[in-house]
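**Student:** I am sharing upload_33.cif, which consists of mmCIF, C-alpha atoms:
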```cif
data_start
loop_
_atom_site.label_atom_id
_atom_site.label_comp_id
_atom_site.auth_asym_id
_atom_site.auth_seq_id
_atom_site.Cartn_x
_atom_site.Cartn_y
_atom_site.Cartn_z
CA MET A 1258 -10.14 40.98 277.00
CA ASP A 1259 -12.39 37.90 276.69
CA ASN A 1260 -11.18 35.10 274.42
CA TYR A 1261 -8.39 37.18 272.96
CA ASN A 1262 -6.34 35.17 270.45
CA TYR A 1263 -2.87 36.54 271.14
CA ASN A 1264 -1.17 34.63 268.35
CA VAL A 1265 -3.69 35.41 265.61
CA GLU A 1266 -3.35 38.65 263.66
CA LEU A 1267 -6.41 40.57 262.56
CA THR A 1268 -7.45 39.64 259.03
CA SER A 1269 -8.00 42.28 256.36
CA ALA A 1270 -11.77 41.80 256.79
CA GLU A 1271 -11.54 42.34 260.55
CA ILE A 1272 -9.42 45.45 260.07
CA ALA A 1273 -11.97 46.75 257.55
CA ASN A 1274 -14.85 46.08 259.98
CA LEU A 1275 -13.17 47.97 262.83
CA TRP A 1276 -11.92 50.83 260.64
CA THR A 1277 -15.34 51.35 259.03
CA GLN A 1278 -17.10 51.25 262.39
CA TYR A 1279 -14.66 53.79 263.83
CA MET A 1280 -15.39 56.21 260.98
CA ASN A 1281 -19.17 55.74 261.24
CA ASP A 1282 -19.37 55.96 265.03
CA SER A 1283 -17.05 58.96 265.34
CA LEU A 1284 -19.36 60.74 262.88
CA SER A 1285 -22.46 59.58 264.78
CA ILE A 1286 -21.04 60.90 268.07
CA CYS A 1287 -20.87 64.42 266.63
CA ILE A 1288 -24.44 64.30 265.29
CA LEU A 1289 -25.86 62.69 268.44
CA THR A 1290 -24.05 65.11 270.79
CA HIS A 1291 -25.57 68.11 269.03
CA SER A 1292 -29.02 66.51 268.79
CA ILE A 1293 -29.05 65.68 272.51
CA GLU A 1294 -27.99 69.24 273.38
CA LYS A 1295 -30.90 70.67 271.37
CA ALA A 1296 -33.59 68.00 271.93
CA LYS A 1297 -36.86 69.20 273.45
CA ASP A 1298 -38.70 65.87 273.73
CA GLU A 1299 -37.48 63.90 276.77
CA GLU A 1300 -38.43 60.48 275.35
CA ILE A 1301 -36.51 61.15 272.16
CA LYS A 1302 -33.58 62.58 274.12
CA GLU A 1303 -33.33 59.36 276.17
CA VAL A 1304 -33.09 57.26 273.00
CA LEU A 1305 -30.42 59.57 271.55
CA GLU A 1306 -28.43 59.37 274.81
CA PHE A 1307 -28.59 55.57 274.70
CA ALA A 1308 -27.33 55.62 271.10
CA LEU A 1309 -24.50 57.98 272.07
CA ARG A 1310 -23.35 55.72 274.92
CA ILE A 1311 -23.20 52.79 272.49
CA ALA A 1312 -21.20 54.75 269.90
CA GLU A 1313 -18.73 56.04 272.50
CA SER A 1314 -18.17 52.54 273.89
CA HIS A 1315 -17.47 51.29 270.37
CA ILE A 1316 -14.81 53.94 269.83
CA GLU A 1317 -13.02 52.99 273.05
CA LYS A 1318 -13.14 49.30 272.22
CA ILE A 1319 -11.79 49.81 268.70
CA LYS A 1320 -8.94 51.93 270.09
CA GLN A 1321 -8.06 49.01 272.37
CA PHE A 1322 -8.06 46.56 269.47
CA PHE A 1323 -5.88 48.77 267.29
CA THR A 1324 -3.48 49.65 270.11
CA GLN A 1325 -2.93 45.97 270.91
CA GLU A 1326 -2.12 45.38 267.23
CA ASN A 1327 0.18 48.44 267.01
CA PHE A 1328 -2.23 49.72 264.38
CA PRO A 1329 -2.68 53.49 263.87
CA ILE A 1330 -5.91 54.91 265.29
CA PRO A 1331 -8.00 56.50 262.51
CA LYS A 1332 -8.64 60.24 262.74
CA GLY A 1333 -12.33 59.98 261.88
CA PHE A 1334 -14.41 62.90 263.15
CA THR A 1335 -13.97 64.84 266.38
CA LYS A 1336 -16.08 67.17 268.50
CA GLU A 1337 -13.24 69.70 268.45
CA GLU A 1338 -12.99 69.96 264.65
CA ASP A 1339 -16.36 68.81 263.29
CA LEU A 1340 -18.99 69.96 265.78
CA ASN A 1341 -20.39 73.36 266.73
CA LEU A 1342 -22.53 72.91 269.84
CA ASP A 1343 -23.55 76.58 269.80
CA ALA A 1344 -25.40 76.17 266.49
CA PRO A 1345 -29.22 75.98 266.67
CA PRO A 1346 -30.93 72.68 265.81
CA LEU A 1347 -30.91 71.93 262.08
CA PHE A 1348 -33.56 69.19 262.24
CA THR A 1349 -36.59 68.60 264.44
CA ASP A 1350 -36.71 65.92 267.13
CA THR A 1351 -39.16 64.01 264.94
CA PHE A 1352 -36.73 63.79 262.06
CA MET A 1353 -33.89 62.77 264.35
CA MET A 1354 -35.87 59.67 265.31
CA ILE A 1355 -36.62 58.89 261.67
CA TYR A 1356 -32.93 59.41 260.89
CA MET A 1357 -31.89 57.15 263.77
CA HIS A 1358 -34.33 54.49 262.60
CA VAL A 1359 -32.63 54.31 259.21
CA MET A 1360 -29.10 54.58 260.62
CA THR A 1361 -29.80 51.73 263.04
CA LEU A 1362 -31.06 49.56 260.18
CA LEU A 1363 -27.81 50.26 258.33
CA GLY A 1364 -25.85 49.43 261.47
CA LEU A 1365 -27.62 46.11 261.96
CA THR A 1366 -26.78 45.11 258.39
CA GLY A 1367 -23.15 46.15 258.85
CA TYR A 1368 -22.72 44.31 262.15
CA ALA A 1369 -24.23 41.12 260.75
CA GLY A 1370 -21.72 41.33 257.90
CA ALA A 1371 -18.90 41.95 260.38
CA VAL A 1372 -19.79 38.81 262.36
CA ALA A 1373 -19.92 36.81 259.14
CA THR A 1374 -16.46 38.00 258.02
CA SER A 1375 -14.68 37.66 261.38
CA CYS A 1376 -12.91 34.56 262.67
CA ARG A 1377 -11.01 35.68 265.76
CA ASP A 1378 -12.97 35.05 268.98
CA ASP A 1379 -12.70 38.59 270.29
CA GLN A 1380 -13.92 40.02 266.97
CA VAL A 1381 -16.83 37.62 266.62
CA ASN A 1382 -17.90 38.25 270.23
CA TYR A 1383 -17.49 42.01 269.89
CA PHE A 1384 -19.66 42.30 266.78
CA ILE A 1385 -22.28 39.95 268.19
CA LYS A 1386 -22.49 42.36 271.13
CA CYS A 1387 -22.74 45.31 268.70
CA ASN A 1388 -25.65 43.53 267.02
CA GLU A 1389 -27.40 42.99 270.35
CA GLU A 1390 -26.94 46.64 271.33
CA SER A 1391 -28.28 47.81 267.97
CA MET A 1392 -31.30 45.53 268.22
CA GLU A 1393 -32.10 47.02 271.62
CA LEU A 1394 -31.66 50.53 270.20
CA TYR A 1395 -33.91 49.63 267.27
CA LYS A 1396 -36.65 48.41 269.65
CA ARG A 1397 -36.48 51.67 271.62
CA ILE A 1398 -36.61 53.80 268.46
CA VAL A 1399 -39.61 51.97 266.99
CA LYS A 1400 -41.47 52.08 270.32
CA VAL A 1401 -41.09 55.86 270.53
CA MET A 1402 -42.02 56.34 266.87
CA LEU A 1403 -45.15 54.21 267.24
CA ASN A 1404 -46.17 55.95 270.48
CA LYS A 1405 -45.79 59.37 268.88
CA GLY A 1406 -47.55 58.35 265.67
CA PHE A 1407 -44.85 59.03 263.10
CA TYR A 1408 -43.66 55.52 262.27
CA SER A 1409 -44.20 55.11 258.52
CA LYS A 1410 -45.36 51.52 258.07
CA PRO A 1411 -44.81 49.68 254.78
CA PRO A 1412 -47.94 49.35 252.58
CA ARG A 1413 -50.40 46.68 253.69
CA ILE A 1414 -51.79 43.94 251.46
CA ASN A 1415 -54.71 41.60 252.11
CA THR A 1416 -54.01 38.15 253.51
CA PRO A 1417 -54.21 35.51 250.74
CA ASN A 1418 -56.76 32.72 251.10
CA GLU A 1419 -54.30 29.99 250.13
CA ILE A 1420 -50.77 29.33 248.95
CA ASP A 1421 -50.11 29.44 245.21
CA PHE A 1422 -47.40 28.53 242.70
CA VAL A 1423 -46.26 30.33 239.55
CA ASN A 1424 -47.61 28.47 236.54
CA ASN A 1425 -46.35 30.49 233.57
CA GLN A 1426 -43.57 32.87 232.53
CA ARG A 1427 -45.89 35.87 232.42
CA TYR A 1428 -45.06 36.16 236.14
CA LEU A 1429 -41.74 37.72 235.09
CA THR A 1430 -43.14 40.24 232.60
CA GLY A 1431 -43.10 43.94 233.20
CA TRP A 1432 -42.33 45.70 229.93
CA PHE A 1433 -45.25 44.83 227.67
CA GLY A 1434 -48.72 43.42 228.14
CA LYS A 1435 -50.54 43.05 231.43
CA LYS A 1436 -48.28 43.08 234.49
CA ARG A 1437 -48.96 40.88 237.45
CA PRO A 1438 -49.48 42.70 240.76
CA ILE A 1439 -46.33 43.52 242.68
CA ASN A 1440 -45.57 40.88 245.31
CA ALA A 1441 -44.91 41.37 249.03
CA VAL A 1442 -41.14 40.90 248.72
CA GLU A 1443 -40.95 43.54 245.97
CA ILE A 1444 -43.17 45.93 247.95
CA SER A 1445 -40.87 45.60 250.95
CA GLY A 1446 -37.80 46.40 248.85
CA VAL A 1447 -39.37 49.44 247.18
CA SER A 1448 -40.79 50.83 250.43
CA PHE A 1449 -37.57 50.29 252.38
CA ASN A 1450 -35.47 52.04 249.74
CA MET A 1451 -37.92 54.95 249.60
CA VAL A 1452 -37.58 55.52 253.35
CA LYS A 1453 -33.80 55.70 253.02
CA ILE A 1454 -34.07 58.04 250.02
CA ILE A 1455 -36.29 60.52 251.83
CA VAL A 1456 -33.93 60.64 254.84
CA LYS A 1457 -31.10 61.51 252.48
CA VAL A 1458 -33.24 64.23 250.83
CA VAL A 1459 -33.89 65.86 254.22
CA LEU A 1460 -30.20 65.69 255.13
CA GLU A 1461 -29.20 67.29 251.81
CA ILE A 1462 -31.75 70.07 252.28
CA GLY A 1463 -30.42 70.80 255.77
CA PHE A 1464 -26.75 70.41 254.90
CA GLY A 1465 -27.14 72.58 251.81
CA GLN A 1466 -28.77 75.26 253.97
CA VAL A 1467 -25.77 75.59 256.29
CA CYS A 1468 -22.82 74.48 254.13
CA GLN A 1469 -19.99 77.03 253.91
CA THR A 1470 -18.39 75.76 250.69
CA GLU A 1471 -20.29 76.79 247.56
CA GLU A 1472 -19.10 73.84 245.49
CA ILE A 1473 -20.27 71.35 248.12
CA LYS A 1474 -23.55 73.22 248.57
CA LYS A 1475 -24.21 72.70 244.85
CA TYR A 1476 -23.37 69.02 245.26
CA PHE A 1477 -25.99 68.67 248.01
CA GLU A 1478 -28.55 70.43 245.80
CA LYS A 1479 -27.77 68.07 242.93
CA GLY A 1480 -28.20 65.08 245.25
CA LYS A 1481 -31.50 66.40 246.58
CA LYS A 1482 -32.92 66.74 243.07
CA LEU A 1483 -31.70 63.26 242.11
CA CYS A 1484 -33.22 61.69 245.23
CA GLU A 1485 -36.52 63.52 244.74
CA LYS A 1486 -36.68 62.20 241.17
CA GLN A 1487 -35.90 58.66 242.31
CA PHE A 1488 -38.42 58.85 245.16
CA GLY A 1489 -41.05 60.03 242.67
CA ARG A 1490 -40.42 57.14 240.29
CA MET A 1491 -40.65 54.57 243.07
CA SER A 1492 -43.76 56.26 244.44
CA ASP A 1493 -45.36 56.00 240.98
CA THR A 1494 -44.67 52.25 241.06
CA LEU A 1495 -46.62 51.89 244.30
CA THR A 1496 -49.37 54.30 243.24
CA LYS A 1497 -50.05 52.24 240.09
CA GLU A 1498 -50.57 49.26 242.38
CA ASN A 1499 -52.95 51.30 244.61
CA LEU A 1500 -50.42 51.17 247.45
CA ALA A 1501 -49.41 54.01 249.77
CA SER A 1502 -45.91 55.51 249.72
CA PRO A 1503 -43.82 56.29 252.83
CA ALA A 1504 -44.23 59.76 254.28
CA SER A 1505 -42.02 62.64 253.19
CA TRP A 1506 -40.29 64.53 256.00
CA VAL A 1507 -38.89 67.51 254.12
CA SER A 1508 -40.70 69.95 256.43
CA GLU A 1509 -38.63 68.71 259.40
CA VAL A 1510 -35.68 70.99 258.55
CA THR A 1511 -35.48 74.12 260.70
CA SER A 1512 -34.77 77.62 259.37
CA SER A 1513 -31.25 77.72 260.86
CA THR A 1514 -28.40 78.81 258.58
CA ILE A 1515 -25.64 78.17 261.16
CA SER A 1516 -23.96 74.83 260.66
CA PRO A 1517 -23.68 72.42 263.61
CA PHE A 1518 -21.20 70.34 261.63
CA SER A 1519 -18.10 70.81 259.50
CA ASP A 1520 -18.40 70.67 255.71
CA LYS A 1521 -16.03 67.71 255.92
CA LEU A 1522 -18.43 65.76 258.14
CA MET A 1523 -21.51 66.60 256.08
CA LEU A 1524 -19.93 65.66 252.75
CA ASN A 1525 -18.50 62.43 254.13
CA HIS A 1526 -21.89 61.53 255.60
CA ILE A 1527 -23.68 61.94 252.29
CA VAL A 1528 -21.04 59.95 250.41
CA MET A 1529 -21.28 57.15 253.01
CA LEU A 1530 -25.05 57.05 252.60
CA ILE A 1531 -24.72 56.89 248.81
CA SER A 1532 -22.43 53.88 249.13
CA ALA A 1533 -24.98 52.19 251.38
CA ALA A 1534 -27.78 53.07 248.94
CA ILE A 1535 -26.02 51.26 246.11
CA GLY A 1536 -25.94 48.11 248.24
CA TYR A 1537 -29.62 48.36 249.18
CA PHE A 1538 -30.69 49.05 245.59
CA GLY A 1539 -28.73 45.92 244.69
CA ALA A 1540 -30.62 43.98 247.36
CA GLY A 1541 -33.92 45.28 245.96
CA PHE A 1542 -32.83 44.25 242.47
CA SER A 1543 -31.96 40.73 243.64
CA VAL A 1544 -35.47 40.04 244.94
CA SER A 1545 -37.41 41.72 242.10
CA GLN A 1546 -38.90 39.11 239.78
CA ARG A 1547 -40.77 41.58 237.57
CA ARG A 1548 -38.53 42.80 234.77
CA ASP A 1549 -39.59 46.45 234.92
CA LEU A 1550 -38.62 46.63 238.61
CA ALA A 1551 -35.25 45.01 237.94
CA VAL A 1552 -34.58 47.55 235.18
CA GLU A 1553 -35.57 50.43 237.48
CA TYR A 1554 -33.12 49.26 240.16
CA THR A 1555 -30.37 49.03 237.55
CA ARG A 1556 -31.11 52.62 236.61
CA LEU A 1557 -31.09 53.77 240.24
CA ILE A 1558 -27.72 52.13 240.85
CA ALA A 1559 -26.19 53.76 237.78
CA GLU A 1560 -27.46 57.21 238.81
CA VAL A 1561 -26.21 57.08 242.39
CA ALA A 1562 -22.87 55.55 241.35
CA LEU A 1563 -22.16 58.64 239.23
CA TYR A 1564 -23.22 60.92 242.07
CA ALA A 1565 -21.00 58.97 244.49
CA GLU A 1566 -18.02 59.42 242.17
CA ASP A 1567 -18.56 63.19 242.13
CA GLY A 1568 -18.65 63.17 245.94
CA ALA A 1569 -15.45 61.15 246.19
CA GLU A 1570 -13.71 63.62 243.88
CA LEU A 1571 -14.75 66.49 246.16
CA LEU A 1572 -13.51 64.65 249.26
CA ILE A 1573 -10.15 64.08 247.58
CA LYS A 1574 -9.97 67.68 246.36
CA TYR A 1575 -10.44 69.06 249.88
CA ARG A 1576 -8.28 66.30 251.45
CA TRP A 1577 -11.20 65.04 253.53
CA MET A 1578 -11.15 61.39 252.43
CA GLU A 1579 -9.36 59.30 255.03
CA GLN A 1580 -7.74 56.35 253.31
CA PRO A 1581 -8.63 52.84 254.48
CA PRO A 1582 -5.66 50.58 255.26
CA LEU A 1583 -3.96 49.40 252.06
CA ALA A 1584 -2.28 46.15 251.07
CA GLU A 1585 1.45 46.38 250.39
CA ASP A 1586 2.40 47.70 246.96
CA ARG A 1587 4.65 44.80 245.98
CA GLY A 1588 5.67 46.47 242.74
CA ASN A 1589 7.04 49.52 244.53
CA LEU A 1590 8.78 47.38 247.16
CA ALA A 1591 10.53 45.44 244.40
CA THR A 1592 11.76 48.60 242.66
CA GLU A 1593 13.03 50.16 245.90
CA LYS A 1594 15.76 47.50 246.30
#
```
Translate this file's structure into structure tokens.

**Tutor:**
Amino acid sequence: MDNYNYNVELTSAEIANLWTQYMNDSLSICILTHSIEKAKDEEIKEVLEFALRIAESHIEKIKQFFTQENFPIPKGFTKEEDLNLDAPPLFTDTFMMIYMHVMTLLGLTGYAGAVATSCRDDQVNYFIKCNEESMELYKRIVKVMLNKGFYSKPPRINTPNEIDFVNNQRYLTGWFGKKRPINAVEISGVSFNMVKIIVKVVLEIGFGQVCQTEEIKKYFEKGKKLCEKQFGRMSDTLTKENLASPASWVSEVTSSTISPFSDKLMLNHIVMLISAAIGYFGAGFSVSQRRDLAVEYTRLIAEVALYAEDGAELLIKYRWMEQPPLAEDRGNLATEK
């Protein structure tokens, strides 16, 4: 293995990076395998096959890393337990590209963070390679989406005639009085978060349609309603500024009621996306200089945090939450003497 530091143990951050990637990619393999089996569009199928090859190579590489460290291989998700290839397609090819677009964006963010928190040569090099692979995948996804006419571009604004500087504190207002127009950075944050919200809505519609566990089905329905409400509020923000909102893809769910995936996989997937949403709402909050937008992001974070907690409780109840590696419990070790 290139540049392997034999005398340097993996740090907790490096373990977390590998463990998280294993969970995400083992889940992706199940979804991609089914989507490829059912895909009708050859261009889309080629992109999905490329994504699957990347995910499978990641799993093998992580197994190597963990084996060399005598570290237990996570269970994650498997084709044997979490995939039903005989089930009809749950989503259209069009939605699968929109879904992959968002998932690849999440992956790029995660891999950049993994590079930044790694110090061992093999880990830094590995996650740089993951970034490069994901950037190539992203290019292929966007090219297909543009060619087929369903890439939802962020709202456009007119090019300013000159640069300008803020000259009074009214720039920050947003509760009372006249609000300044929303700026390009704020538009980007709102639009980006709306795209991720609508993907989650479509997933919850589809998952709720095929879920076998009534309690989890109700959880998906609750999440769908919450996301629709949040999407509507963010859409209102753009509408008031005479800006277009991203497209809604709720019609891209098929009529199938046979689940391609286990309830365990579907619930874990939604909870993972909620965790990511909290981070991206936080990023939107950090770049919002108008007070009303900052308050709205705070509200969004609070709402999804409560929903995430409910999901975690369900995962624990059904024993579907795989525990990340823990630090030693020094208190217990001391009492065991």

**Student:** Starting from the shown file, work through the PyMOL selection byres ((chain A and resi 1512) around 12) and note down what comes out as a ChimeraX atom specification.

**Tutor:** /A:1344-1349,1462-1467,1508-1511,1513-1516

**Student:** What does the distance from atom CA of Tyr1575 of chain A to atom CA of Ile1535 of chain A come to in Å, to one decimal?

**Tutor:**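 For atom CA of Tyr1575 of chain A relative to atom CA of Ile1535 of chain A, the distance reads 24.0 Å.
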
**Student:** Choose the residue, out of A:Ile1439, A:Ala1373, A:Cys1468, A:Ile1531, that has the smallest atom-to-atom separation from Arg1548 of chain A; count all atoms listed in the file.

**Tutor:**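 That would be A:Ile1439, the residue with the smallest distance to Arg1548 of chain A.
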
**Student:** In terms of the shortest atom-to-atom distance over only C-alpha atoms, which of A:Lys1396, A:Lys1453, A:Arg1377, A:Lys1521 is closest to Gly1536 of chain A?

**Tutor:**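 Between A:Lys1396, A:Lys1453, A:Arg1377, A:Lys1521, the residue approaching Gly1536 of chain A most closely is A:Lys1453.
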
**Student:** Excluding Gly1541 of chain A and residues on its chain fewer than 4 positions from it, collect all residues at most 8 Å away from it, counting all atoms listed in the file, and give them as a list in words.

**Tutor:**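 Listing them by chain and then by number gives Glu1443, Gly1446, Val1447, Asn1450, Tyr1537, Ser1545 and Tyr1554 of chain A.
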
**Student:** Ranking A:Phe1384, A:Val1561, A:Ser1519, A:Glu1419 by minimum distance to Gly1367 of chain A and counting all atoms listed in the file, which one comes first?

**Tutor:**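 Looking at the shortest contact to Gly1367 of chain A, the residue is A:Phe1384.
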
**Student:** To one decimal place in Å, what is the distance between atom CA of Asp1350 of chain A and atom CA of Leu1284 of chain A?

**Tutor:** 18.6 Å

**Student:** Show which residues sit within 7 Å of Glu1313 of chain A, as number ranges by chain. Count all atoms listed in the file, and ignore same-chain residues fewer than 4 positions away.

**Tutor:** A: 1286, 1309, 1317

**Student:** Would you mind exporting the chosen residues as a tab-separated table (two decimals), in the coordinates of the input, restricted to C-alpha atoms?

**Tutor:**
```tsv
chain	number	residue	atom	x	y	z
A	1286	ILE	CA	-21.04	60.90	268.07
A	1309	LEU	CA	-24.50	57.98	272.07
A	1317	GLU	CA	-13.02	52.99	273.05
```

**Student:** If I take atom CA of Gln1487 of chain A and atom CA of Ala1501 of chain A, how far is one from the other in Å, to one decimal?

**Tutor:**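 It comes out at 16.1 Å.
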
**Student:** Need the shell around Tyr1476 of chain A: protein/DNA/RNA residues with any atom at most 9 Å away, counting all atoms listed in the file. Skip same-chain ones fewer than 2 positions apart. Format as a VMD selection string?

**Tutor:** chain A and resid 1461 1465 1471 to 1474 1478 to 1481 1524 1564 1567 to 1568

**Student:** Give me the residues near Ser1269 of chain A as a list in words, where near means some atom within 10 Å (using all atoms listed in the file) and where sequence neighbours in that chain fewer than 6 positions away do not count.

**Tutor:**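 Once the adjacent positions are removed, what remains is Thr1374, Ser1375, Pro1582, Leu1583 and Ala1584 of chain A.
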
**Student:** Restricting the calculation to all atoms listed in the file: of A:Ile1527, A:Val1459, A:Leu1572, A:Leu1550, which residue gets closest to Phe1352 of chain A?

**Tutor:** A:Val1459

**Student:** Env of Tyr1408 of chain A: 12 Å cut, atoms = only C-alpha atoms, seq-sep filter 6 positions within chain, self excluded. Answer as a list in words.

**Tutor:**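 These residues fall inside the cut-off: Thr1351, Phe1352, Met1354, Ile1355, Tyr1356, Met1357, His1358, Val1359, Ile1398, Val1399, Lys1400, Val1401, Met1402, Val1452, Pro1503, Ala1504, Ser1505 and Trp1506 of chain A.
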
**Student:** Output C-alpha atoms for every residue in the selection just made, as a tab-separated table (two decimals), in the frame of the given file.

**Tutor:**
```tsv
chain	number	residue	atom	x	y	z
A	1351	THR	CA	-39.16	64.01	264.94
A	1352	PHE	CA	-36.73	63.79	262.06
A	1354	MET	CA	-35.87	59.67	265.31
A	1355	ILE	CA	-36.62	58.89	261.67
A	1356	TYR	CA	-32.93	59.41	260.89
A	1357	MET	CA	-31.89	57.15	263.77
A	1358	HIS	CA	-34.33	54.49	262.60
A	1359	VAL	CA	-32.63	54.31	259.21
A	1398	ILE	CA	-36.61	53.80	268.46
A	1399	VAL	CA	-39.61	51.97	266.99
A	1400	LYS	CA	-41.47	52.08	270.32
A	1401	VAL	CA	-41.09	55.86	270.53
A	1402	MET	CA	-42.02	56.34	266.87
A	1452	VAL	CA	-37.58	55.52	253.35
A	1503	PRO	CA	-43.82	56.29	252.83
A	1504	ALA	CA	-44.23	59.76	254.28
A	1505	SER	CA	-42.02	62.64	253.19
A	1506	TRP	CA	-40.29	64.53	256.00
```

**Student:** Limit the output to N, CA and C atoms and give segment 1317-1333 of chain A as an mmCIF file, in the first residue's frame.

**Tutor:**
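Once everything was written out, this is part.cif:
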```
data_model
loop_
_atom_site.group_PDB
_atom_site.id
_atom_site.type_symbol
_atom_site.label_atom_id
_atom_site.label_comp_id
_atom_site.auth_asym_id
_atom_site.auth_seq_id
_atom_site.Cartn_x
_atom_site.Cartn_y
_atom_site.Cartn_z
ATOM 1 N N GLU A 1317 -13.722 -2.317 -0.404
ATOM 2 C CA GLU A 1317 -12.561 -3.204 -0.375
ATOM 3 C C GLU A 1317 -11.357 -2.522 0.257
ATOM 4 N N LYS A 1318 -11.164 -1.258 -0.049
ATOM 5 C CA LYS A 1318 -10.025 -0.527 0.502
ATOM 6 C C LYS A 1318 -10.171 -0.351 2.016
ATOM 7 N N ILE A 1319 -11.362 -0.029 2.464
ATOM 8 C CA ILE A 1319 -11.585 0.162 3.905
ATOM 9 C C ILE A 1319 -11.389 -1.160 4.645
ATOM 10 N N LYS A 1320 -11.822 -2.265 4.060
ATOM 11 C CA LYS A 1320 -11.596 -3.576 4.670
ATOM 12 C C LYS A 1320 -10.098 -3.830 4.843
ATOM 13 N N GLN A 1321 -9.311 -3.430 3.850
ATOM 14 C CA GLN A 1321 -7.859 -3.586 3.946
ATOM 15 C C GLN A 1321 -7.301 -2.762 5.106
ATOM 16 N N PHE A 1322 -7.735 -1.518 5.185
ATOM 17 C CA PHE A 1322 -7.248 -0.647 6.262
ATOM 18 C C PHE A 1322 -7.581 -1.239 7.628
ATOM 19 N N PHE A 1323 -8.820 -1.645 7.809
ATOM 20 C CA PHE A 1323 -9.246 -2.160 9.109
ATOM 21 C C PHE A 1323 -8.576 -3.499 9.436
ATOM 22 N N THR A 1324 -8.406 -4.348 8.438
ATOM 23 C CA THR A 1324 -7.753 -5.636 8.669
ATOM 24 C C THR A 1324 -6.306 -5.437 9.118
ATOM 25 N N GLN A 1325 -5.603 -4.517 8.478
ATOM 26 C CA GLN A 1325 -4.217 -4.237 8.851
ATOM 27 C C GLN A 1325 -4.102 -3.678 10.265
ATOM 28 N N GLU A 1326 -5.166 -3.050 10.744
ATOM 29 C CA GLU A 1326 -5.168 -2.469 12.091
ATOM 30 C C GLU A 1326 -5.812 -3.408 13.116
ATOM 31 N N ASN A 1327 -6.164 -4.635 12.677
ATOM 32 C CA ASN A 1327 -6.884 -5.579 13.546
ATOM 33 C C ASN A 1327 -8.164 -4.942 14.113
ATOM 34 N N PHE A 1328 -8.822 -4.195 13.253
ATOM 35 C CA PHE A 1328 -10.029 -3.467 13.625
ATOM 36 C C PHE A 1328 -11.240 -4.209 13.056
ATOM 37 N N PRO A 1329 -12.299 -4.393 13.823
ATOM 38 C CA PRO A 1329 -13.465 -5.131 13.299
ATOM 39 C C PRO A 1329 -14.110 -4.443 12.096
ATOM 40 N N ILE A 1330 -14.448 -5.225 11.086
ATOM 41 C CA ILE A 1330 -15.124 -4.695 9.900
ATOM 42 C C ILE A 1330 -16.572 -4.391 10.258
ATOM 43 N N PRO A 1331 -17.064 -3.178 9.984
ATOM 44 C CA PRO A 1331 -18.478 -2.886 10.281
ATOM 45 C C PRO A 1331 -19.406 -3.821 9.508
ATOM 46 N N LYS A 1332 -20.614 -4.000 10.015
ATOM 47 C CA LYS A 1332 -21.610 -4.804 9.302
ATOM 48 C C LYS A 1332 -22.199 -3.997 8.145
ATOM 49 N N GLY A 1333 -22.592 -2.756 8.429
ATOM 50 C CA GLY A 1333 -23.154 -1.916 7.380
ATOM 51 C C GLY A 1333 -24.419 -2.514 6.787
#
```
